[in-house]
Each structure stands twice: as structure tokens, then as C-alpha cells.
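S.K.: Dropping in model-v1.txt, which is compact mmCIF, C-alpha atoms:
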```txt
# COMPACT_ATOMS: atom_id res chain seq x y z
CA MET A 1 0.00 0.00 0.00
CA ARG A 2 1.25 3.49 -0.81
CA GLU A 3 2.21 5.93 1.92
CA GLY A 4 -0.79 8.20 1.24
CA SER A 5 -3.33 5.37 1.46
CA ARG A 6 -1.71 4.05 4.59
CA HIS A 7 -1.96 7.51 6.22
CA PHE A 8 -5.58 7.94 5.08
CA LEU A 9 -6.69 4.56 6.45
CA ALA A 10 -4.72 4.81 9.69
CA GLN A 11 -6.18 8.27 10.38
CA ARG A 12 -9.73 7.05 9.89
CA LEU A 13 -9.29 3.77 11.77
CA THR A 14 -7.82 5.58 14.78
CA ALA A 15 -10.63 8.15 14.51
CA LEU A 16 -13.24 5.40 14.87
CA LEU A 17 -11.41 3.89 17.84
CA LEU A 18 -11.22 7.32 19.45
CA LEU A 19 -14.98 7.97 19.38
CA PRO A 20 -15.74 6.19 22.68
CA LEU A 21 -12.34 7.07 24.16
CA VAL A 22 -12.81 10.82 23.67
CA VAL A 23 -16.29 10.78 25.21
CA TRP A 24 -14.80 8.95 28.19
CA GLY A 25 -11.95 11.49 28.28
CA GLY A 26 -14.38 14.41 28.15
CA PHE A 27 -16.12 13.10 31.26
CA ALA A 28 -12.77 12.59 32.97
CA LEU A 29 -11.69 16.19 32.28
CA ALA A 30 -15.05 17.57 33.38
CA ALA A 31 -14.84 15.66 36.68
CA LEU A 32 -11.37 16.98 37.57
CA PRO A 33 -12.24 20.29 39.30
CA GLY A 34 -11.77 19.92 43.06
CA ALA A 35 -10.86 16.21 42.96
CA ASP A 36 -8.21 15.31 45.53
CA HIS A 37 -5.20 13.02 45.02
CA ALA A 38 -6.79 9.89 46.48
CA THR A 39 -9.98 10.37 44.45
CA VAL A 40 -8.17 10.76 41.13
CA THR A 41 -5.64 7.96 41.66
CA GLY A 42 -8.36 5.67 43.01
CA TRP A 43 -10.44 6.41 39.94
CA ILE A 44 -7.48 5.72 37.59
CA ARG A 45 -6.82 2.40 39.39
CA GLU A 46 -10.28 1.12 38.50
CA PRO A 47 -9.57 -1.40 35.73
CA VAL A 48 -12.03 0.09 33.22
CA ASN A 49 -10.54 3.57 33.61
CA ALA A 50 -6.94 2.35 33.52
CA VAL A 51 -7.60 0.49 30.27
CA MET A 52 -9.47 3.42 28.72
CA LEU A 53 -6.69 5.83 29.66
CA ALA A 54 -4.02 3.49 28.26
CA LEU A 55 -5.97 3.15 25.00
CA LEU A 56 -6.56 6.91 24.80
CA LEU A 57 -2.83 7.54 25.27
CA MET A 58 -1.90 5.05 22.55
CA VAL A 59 -4.55 5.66 19.91
CA GLY A 60 -4.67 9.41 20.63
CA THR A 61 -0.93 9.79 20.14
CA ILE A 62 -0.99 7.91 16.83
CA HIS A 63 -4.00 9.86 15.55
CA GLY A 64 -2.46 13.12 16.76
CA GLU A 65 0.83 12.45 15.04
CA LEU A 66 -0.93 11.64 11.76
CA GLY A 67 -2.89 14.90 11.94
CA VAL A 68 -0.08 17.19 13.08
CA ARG A 69 2.11 15.77 10.28
CA VAL A 70 -0.40 16.99 7.68
CA VAL A 71 -0.71 20.39 9.37
CA ILE A 72 3.08 20.86 9.29
CA GLU A 73 3.20 19.74 5.64
CA ASP A 74 0.35 22.08 4.66
CA TYR A 75 1.20 25.29 6.52
CA LEU A 76 4.98 25.38 6.57
CA ALA A 77 7.10 25.97 3.48
CA PRO A 78 9.45 23.11 2.66
CA GLY A 79 12.76 23.93 4.29
CA PRO A 80 14.92 23.33 7.35
CA LEU A 81 12.19 24.21 9.88
CA GLN A 82 9.60 21.94 8.24
CA ARG A 83 12.13 19.12 7.94
CA TRP A 84 13.16 19.52 11.56
CA LEU A 85 9.56 19.53 12.83
CA LEU A 86 8.60 16.52 10.71
CA GLY A 87 11.69 14.69 11.93
CA SER A 88 10.95 15.49 15.59
CA LEU A 89 7.32 14.44 15.43
CA ARG A 90 7.86 10.68 15.68
CA PRO A 91 10.37 10.80 18.59
CA LEU A 92 8.10 13.32 20.35
CA SER A 93 5.09 11.02 19.96
CA VAL A 94 7.04 7.98 21.12
CA PHE A 95 8.18 9.98 24.15
CA LEU A 96 4.61 11.11 24.88
CA MET A 97 3.16 7.62 24.63
CA THR A 98 5.84 5.74 26.57
CA LEU A 99 6.07 8.34 29.34
CA GLY A 100 2.29 8.39 29.66
CA LEU A 101 2.02 4.60 29.82
CA ALA A 102 4.95 4.33 32.26
CA LEU A 103 3.37 6.90 34.61
CA LEU A 104 -0.01 5.19 34.33
CA GLN A 105 1.63 1.87 35.14
CA ARG A 106 3.27 3.46 38.17
CA ILE A 107 -0.02 4.93 39.41
CA VAL A 108 -1.92 1.67 38.92
CA PHE A 109 0.67 -0.85 40.11
CA GLY A 110 3.00 1.32 42.20
CA GLY A 111 3.07 0.96 45.96
CA GLY A 112 1.11 3.11 48.39
CA THR A 113 -2.57 3.93 48.38
CA MET B 114 2.72 40.89 -29.31
CA PRO B 115 -0.03 39.00 -27.44
CA ASP B 116 -1.10 40.64 -24.23
CA PRO B 117 -1.12 38.02 -21.41
CA GLY B 118 -4.36 38.98 -19.77
CA CYS B 119 -3.69 42.66 -19.03
CA GLY B 120 -6.87 44.71 -18.99
CA ARG B 121 -8.97 41.56 -18.82
CA GLN B 122 -11.07 40.84 -15.72
CA ARG B 123 -9.20 38.00 -14.06
CA PRO B 124 -10.61 35.93 -11.22
CA LEU B 125 -9.19 36.76 -7.81
CA SER B 126 -8.70 34.30 -5.00
CA PRO B 127 -10.33 35.29 -1.70
CA HIS B 128 -8.20 37.87 0.06
CA LEU B 129 -8.01 36.37 3.53
CA GLN B 130 -7.73 39.70 5.35
CA ILE B 131 -10.99 41.11 4.00
CA TYR B 132 -12.91 38.03 2.81
CA ARG B 133 -15.53 36.90 5.28
CA LEU B 134 -15.05 33.13 5.46
CA PRO B 135 -18.26 31.09 5.18
CA LEU B 136 -19.20 28.80 8.09
CA THR B 137 -17.86 25.74 6.26
CA ALA B 138 -14.41 27.33 5.89
CA LYS B 139 -14.31 28.57 9.49
CA MET B 140 -15.27 25.11 10.72
CA SER B 141 -12.63 23.51 8.55
CA ILE B 142 -9.75 25.53 9.97
CA LEU B 143 -11.13 25.25 13.52
CA PHE B 144 -11.17 21.47 13.09
CA ARG B 145 -7.43 21.51 12.43
CA VAL B 146 -6.72 24.00 15.21
CA ALA B 147 -8.70 21.79 17.60
CA GLY B 148 -6.73 18.74 16.48
CA VAL B 149 -3.39 20.40 17.17
CA VAL B 150 -4.67 21.70 20.53
CA LEU B 151 -5.75 18.17 21.48
CA TYR B 152 -2.34 16.75 20.57
CA LEU B 153 -0.77 19.34 22.88
CA THR B 154 -3.40 18.56 25.54
CA MET B 155 -2.07 15.01 25.63
CA PHE B 156 1.22 16.44 26.91
CA ALA B 157 -0.69 18.26 29.65
CA VAL B 158 -2.50 15.02 30.54
CA VAL B 159 0.83 13.18 30.80
CA GLY B 160 2.02 16.09 32.97
CA LEU B 161 -0.99 15.52 35.25
CA LEU B 162 -0.11 11.82 35.44
CA ALA B 163 3.44 12.76 36.43
CA VAL B 164 2.10 14.83 39.32
CA LEU B 165 -0.39 12.12 40.28
CA ALA B 166 2.41 9.53 40.36
CA GLY B 167 3.85 11.60 43.22
CA ASP B 168 2.17 12.21 46.56
CA GLY B 169 -0.82 14.30 47.56
CA ALA B 170 1.34 17.30 48.43
CA ALA B 171 2.44 17.67 44.82
CA TRP B 172 -1.14 17.39 43.62
CA SER B 173 -2.68 20.02 45.90
CA PRO B 174 -1.55 23.15 43.96
CA VAL B 175 -2.77 21.47 40.74
CA ARG B 176 -6.06 20.63 42.41
CA ASP B 177 -6.42 24.23 43.58
CA PHE B 178 -5.77 25.52 40.08
CA LEU B 179 -8.23 23.08 38.49
CA ALA B 180 -10.86 24.11 41.03
CA SER B 181 -10.33 27.83 40.32
CA LEU B 182 -12.39 29.78 37.80
CA GLU B 183 -9.48 29.83 35.33
CA GLY B 184 -8.87 26.10 35.77
CA ARG B 185 -12.53 25.23 35.29
CA GLY B 186 -12.69 27.52 32.26
CA LEU B 187 -9.67 25.81 30.74
CA LEU B 188 -11.13 22.34 31.34
CA LEU B 189 -14.50 23.39 29.90
CA LEU B 190 -12.72 24.76 26.83
CA LEU B 191 -10.80 21.49 26.42
CA VAL B 192 -13.99 19.43 26.69
CA LEU B 193 -15.57 21.72 24.08
CA THR B 194 -12.51 21.33 21.83
CA SER B 195 -12.65 17.53 22.19
CA TYR B 196 -16.33 17.34 21.26
CA TYR B 197 -15.95 19.77 18.40
CA HIS B 198 -13.15 17.70 16.89
CA LEU B 199 -15.12 14.50 17.51
CA CYS B 200 -18.38 15.79 15.96
CA ASN B 201 -16.73 17.40 12.96
CA GLY B 202 -14.61 14.26 12.61
CA VAL B 203 -17.78 12.18 12.29
CA ARG B 204 -18.86 14.66 9.60
CA HIS B 205 -15.59 13.99 7.80
CA LEU B 206 -16.09 10.22 8.08
CA LEU B 207 -19.54 10.59 6.48
CA TRP B 208 -18.02 12.72 3.70
CA ASP B 209 -15.49 9.92 3.12
CA THR B 210 -18.38 7.63 2.18
CA GLY B 211 -19.41 10.19 -0.45
CA ARG B 212 -22.44 11.41 1.44
CA GLY B 213 -23.47 14.98 2.30
CA LEU B 214 -21.18 16.80 -0.10
CA GLU B 215 -23.85 19.01 -1.73
CA LYS B 216 -23.63 22.70 -0.86
CA THR B 217 -26.95 22.75 1.01
CA SER B 218 -26.17 19.71 3.14
CA LEU B 219 -22.70 21.11 3.97
CA GLY B 220 -24.29 24.11 5.66
CA ARG B 221 -26.84 21.94 7.40
CA SER B 222 -24.35 19.37 8.74
CA GLY B 223 -22.15 22.25 9.89
CA ALA B 224 -24.98 23.64 11.99
CA VAL B 225 -25.69 20.14 13.36
CA VAL B 226 -22.04 19.80 14.40
CA VAL B 227 -22.07 23.16 16.21
CA ALA B 228 -25.33 22.28 18.00
CA ALA B 229 -24.12 18.77 18.92
CA THR B 230 -20.84 20.14 20.24
CA VAL B 231 -22.58 22.60 22.54
CA LEU B 232 -25.12 19.99 23.63
CA LEU B 233 -22.57 17.24 24.38
CA THR B 234 -20.28 19.68 26.20
CA SER B 235 -23.10 20.99 28.40
CA LEU B 236 -24.38 17.49 29.07
CA THR B 237 -20.92 16.17 30.00
CA TRP B 238 -20.12 19.17 32.20
CA TRP B 239 -23.46 18.85 33.96
CA LEU B 240 -23.29 15.06 34.44
CA ALA B 241 -19.66 14.99 35.60
CA ARG B 242 -20.18 17.49 38.43
```
Could you quickly redo this structure as C-alpha cells?
M.R.:
Amino acid sequence: MREGSRHFLAQRLTALLLLPLVVWGGFALAALPGADHATVTGWIREPVNAVMLALLLMVGTIHGELGVRVVIEDYLAPGPLQRWLLGSLRPLSVFLMTLGLALLQRIVFGGGT
Amino acid sequence: MPDPGCGRQRPLSPHLQIYRLPLTAKMSILFRVAGVVLYLTMFAVVGLLAVLAGDGAAWSPVRDFLASLEGRGLLLLLVLTSYYHLCNGVRHLLWDTGRGLEKTSLGRSGAVVVAATVLLTSLTWWLAR
């Protein structure tokens, strides 16, 4: 499959997967005001929420990278800056996803209550 | 010598500083802006996880900010951004199947997206309290 088709399909497949995840995430953000440490960590430790958050981090990062790539390609003139940004995007996304998952893992399985 | 178009009325592309963009165009650029904002929001979410991985003392200034008017406003805006990108994304998925591409239905689906975004945001904010 050509690069363009692969991008097109991956963007739409991740979009479909994100539909329930984003609704879940919207509720999570809306519930944050005033929540204390134990409430939030306890909520994240619930298996359903931990899985949803892990999926949102993974699928959201992939979908985000696909979209931001197009934005950089469309709005920046080809040149050193565009090349540098396009080159940084993958490492940045890998960093975002792995750090997010590692922290989530620490909150869910780490010691303490 | 042939005159390459001088004196002839030539079509002009919309001059972005004075051209009033139609709803469809405004929604299109907002969709992309929202997408980029949401990618950046993921970094903020990972930042929150970093604080949460620590103890309660580290969380308390964050909690105070999120409970403040500015913090609540920011969260509300992010929920709105999420739903806007989601709703307009569904519109894009329908377009991908070849449906709804006539000029009249473009305006109509745009209005539906705006209404759905406001509705879902209000509903979520109200239910999550």
C-alpha cells in the first residue's frame, strides 16, 4: 500500500477507535475540578478507567501524530524548519506515549494507596 | 505581441484579510486547530499523570488551580474542543463515504455539528459534576 493510502486509512481507523475514548476522556476532564489526590488515583486504578486511559494515550498519540504531520506539511514551506519539525514528530510522539504509559503503570501498580 | 491577460477581468482568490469566510471554511480551519490543541493537551495530561504519580502534596496546587475559575474555564474549553473535533470528525467520516457533499447539506451538517458540540459539552459538564 502506498504511503498516502496508509496515512488515510490509519487516520480514519484511529478516529473510529477514538470515538468512545474521547467521550470517556471528556467526562474525565469535566470531573477533575476539586478532585483530591486519592480520588483521582483511586479512579485511575479502577480497571475500566486504567484500560481506557491506556488506550486513549496510545490511539490518541498515533491519531495526533498523523494529523499534526499533515498540518506541518500544509502550513509550513518546505525547508529546514519543516524538515526539523517533521523529523521530531515521531520521537516526540514515542516519548509522549511511553512516558504516559509508564506513569499510568506506576499509578496503577506502584506501591502506596 | 499578445497581451497576457492585461486589462482583462481575471478571477481573484479570496483575500483572507478582508474576505468573510463562510461557516464551512471557518469550521474547517477550527477542526485543524482543535486537532493540534488536542495533541498538545495530551502532553498536559501526561504532565498531570506525572504529578499524580507523586504524593498528595504535589497534587494540591494542581487541584487548587483546576478548582479555580481559570482552571474550570480551561477544562471546559478542552472538553468543548474535544467534542468539536469529535463531531466534525464524524462529519468527515460521512463525507469519506461520499455522502453529504452538496452545498446545502454542507451548511446543514455544519450547523448540526455546532449544536451537537454545545449539547454534548453541556451534558458532560453537567453530568460529571
S.K.: Might you pull out every residue within 12 Å of A:Arg90, with all atoms listed in the file counted and same-chain residues fewer than 2 positions away left off, and present them as a VMD selection string?
M.R.: chain A and resid 61 to 66 68 to 69 84 to 88 92 to 97
S.K.: May I have the residues from that selection written out with C-alpha atoms, as a short mmCIF file (atom, residue, chain, number, x, y, z; two decimals), in the frame of the given file?
M.R.:
```cif
data_model
loop_
_atom_site.label_atom_id
_atom_site.label_comp_id
_atom_site.auth_asym_id
_atom_site.auth_seq_id
_atom_site.Cartn_x
_atom_site.Cartn_y
_atom_site.Cartn_z
CA THR A 61 -0.93 9.79 20.14
CA ILE A 62 -0.99 7.91 16.83
CA HIS A 63 -4.00 9.86 15.55
CA GLY A 64 -2.46 13.12 16.76
CA GLU A 65 0.83 12.45 15.04
CA LEU A 66 -0.93 11.64 11.76
CA VAL A 68 -0.08 17.19 13.08
CA ARG A 69 2.11 15.77 10.28
CA TRP A 84 13.16 19.52 11.56
CA LEU A 85 9.56 19.53 12.83
CA LEU A 86 8.60 16.52 10.71
CA GLY A 87 11.69 14.69 11.93
CA SER A 88 10.95 15.49 15.59
CA LEU A 92 8.10 13.32 20.35
CA SER A 93 5.09 11.02 19.96
CA VAL A 94 7.04 7.98 21.12
CA PHE A 95 8.18 9.98 24.15
CA LEU A 96 4.61 11.11 24.88
CA MET A 97 3.16 7.62 24.63
#
```
S.K.: For each of B:Trp208, B:Thr237, B:Val158, B:Val192, take the minimum atom-to-atom distance to A:Leu57, counting all atoms listed in the file, then give the residue where this is smallest.
M.R.: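 Among B:Trp208, B:Thr237, B:Val158, B:Val192, it is B:Val158 that comes nearest to A:Leu57.
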S.K.: Could you list the residues in chain B lying within 6 Å of chain A, using all atoms listed in the file, and format the result as a VMD selection string?
M.R.: chain B and resid 152 159 166 169 176 179 to 180 192 237 to 238 241 to 242
S.K.: Between atom CA of B:Ser141 and atom CA of B:Leu129, what is the distance in Å, rounded to a tenth?
M.R.: 14.6 Å
S.K.: How many Å lie between atom CA of B:Leu240 and atom CA of B:Arg185, rounded to one decimal?
M.R.: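 Interatomic distance, atom CA of B:Leu240 to atom CA of B:Arg185: 14.8 Å.
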S.K.: Which distance in Å separates atom CA of B:Leu136 and atom CA of B:His205, to one decimal?
M.R.: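 Answer for the atom CA of B:Leu136 to atom CA of B:His205 separation: 15.2 Å.
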S.K.: With 5 Å of padding per side, what axis-aligned box (centre and edge lengths, Å, one decimal) covers all the listed atoms of stretch 54-64 of chain A? Give it as lines of an AutoDock Vina configuration file.
M.R.:
```
center_x = -3.7
center_y = 8.1
center_z = 21.9
size_x = 15.6
size_y = 20.0
size_z = 22.7
```
S.K.: May I ask you to restore N, CA and C atoms in stretch 51-76 of chain A and write the result as a CSV table (one decimal), keeping the file's coordinate frame?
M.R.:
```csv
chain,number,residue,atom,x,y,z
A,51,VAL,N,-7.7,1.0,31.7
A,51,VAL,CA,-7.6,0.5,30.3
A,51,VAL,C,-8.0,1.6,29.3
A,52,MET,N,-9.1,2.3,29.6
A,52,MET,CA,-9.5,3.4,28.7
A,52,MET,C,-8.4,4.5,28.6
A,53,LEU,N,-7.7,4.8,29.7
A,53,LEU,CA,-6.7,5.8,29.7
A,53,LEU,C,-5.5,5.3,28.9
A,54,ALA,N,-5.1,4.1,29.0
A,54,ALA,CA,-4.0,3.5,28.3
A,54,ALA,C,-4.3,3.5,26.8
A,55,LEU,N,-5.6,3.1,26.4
A,55,LEU,CA,-6.0,3.2,25.0
A,55,LEU,C,-6.0,4.6,24.4
A,56,LEU,N,-6.5,5.5,25.2
A,56,LEU,CA,-6.6,6.9,24.8
A,56,LEU,C,-5.1,7.4,24.5
A,57,LEU,N,-4.2,7.1,25.4
A,57,LEU,CA,-2.8,7.5,25.3
A,57,LEU,C,-2.2,7.0,24.0
A,58,MET,N,-2.5,5.7,23.7
A,58,MET,CA,-1.9,5.0,22.6
A,58,MET,C,-2.6,5.5,21.3
A,59,VAL,N,-3.9,5.3,21.2
A,59,VAL,CA,-4.6,5.7,19.9
A,59,VAL,C,-4.5,7.2,19.7
A,60,GLY,N,-4.7,8.0,20.7
A,60,GLY,CA,-4.7,9.4,20.6
A,60,GLY,C,-3.3,9.9,20.1
A,61,THR,N,-2.3,9.4,20.6
A,61,THR,CA,-0.9,9.8,20.1
A,61,THR,C,-0.7,9.5,18.7
A,62,ILE,N,-1.1,8.3,18.2
A,62,ILE,CA,-1.0,7.9,16.8
A,62,ILE,C,-1.8,8.8,15.9
A,63,HIS,N,-3.1,9.0,16.3
A,63,HIS,CA,-4.0,9.9,15.6
A,63,HIS,C,-3.5,11.3,15.5
A,64,GLY,N,-3.0,11.8,16.7
A,64,GLY,CA,-2.5,13.1,16.8
A,64,GLY,C,-1.2,13.3,15.9
A,65,GLU,N,-0.4,12.3,15.9
A,65,GLU,CA,0.8,12.4,15.0
A,65,GLU,C,0.5,12.5,13.6
A,66,LEU,N,-0.5,11.7,13.2
A,66,LEU,CA,-0.9,11.6,11.8
A,66,LEU,C,-1.5,13.0,11.4
A,67,GLY,N,-2.3,13.6,12.2
A,67,GLY,CA,-2.9,14.9,11.9
A,67,GLY,C,-1.9,16.0,11.9
A,68,VAL,N,-1.0,16.1,13.0
A,68,VAL,CA,-0.1,17.2,13.1
A,68,VAL,C,0.9,17.1,11.9
A,69,ARG,N,1.2,15.9,11.4
A,69,ARG,CA,2.1,15.8,10.3
A,69,ARG,C,1.5,16.5,9.1
A,70,VAL,N,0.2,16.3,8.8
A,70,VAL,CA,-0.4,17.0,7.7
A,70,VAL,C,-0.4,18.5,7.9
A,71,VAL,N,-0.7,18.9,9.1
A,71,VAL,CA,-0.7,20.4,9.4
A,71,VAL,C,0.7,21.0,9.1
A,72,ILE,N,1.7,20.3,9.5
A,72,ILE,CA,3.1,20.9,9.3
A,72,ILE,C,3.4,20.9,7.8
A,73,GLU,N,3.0,19.8,7.1
A,73,GLU,CA,3.2,19.7,5.6
A,73,GLU,C,2.4,20.8,4.9
A,74,ASP,N,1.2,21.1,5.4
A,74,ASP,CA,0.4,22.1,4.7
A,74,ASP,C,0.7,23.5,4.9
A,75,TYR,N,1.1,23.9,6.1
A,75,TYR,CA,1.2,25.3,6.5
A,75,TYR,C,2.6,25.8,6.6
A,76,LEU,N,3.6,24.9,6.5
A,76,LEU,CA,5.0,25.4,6.6
A,76,LEU,C,5.6,25.1,5.2
```
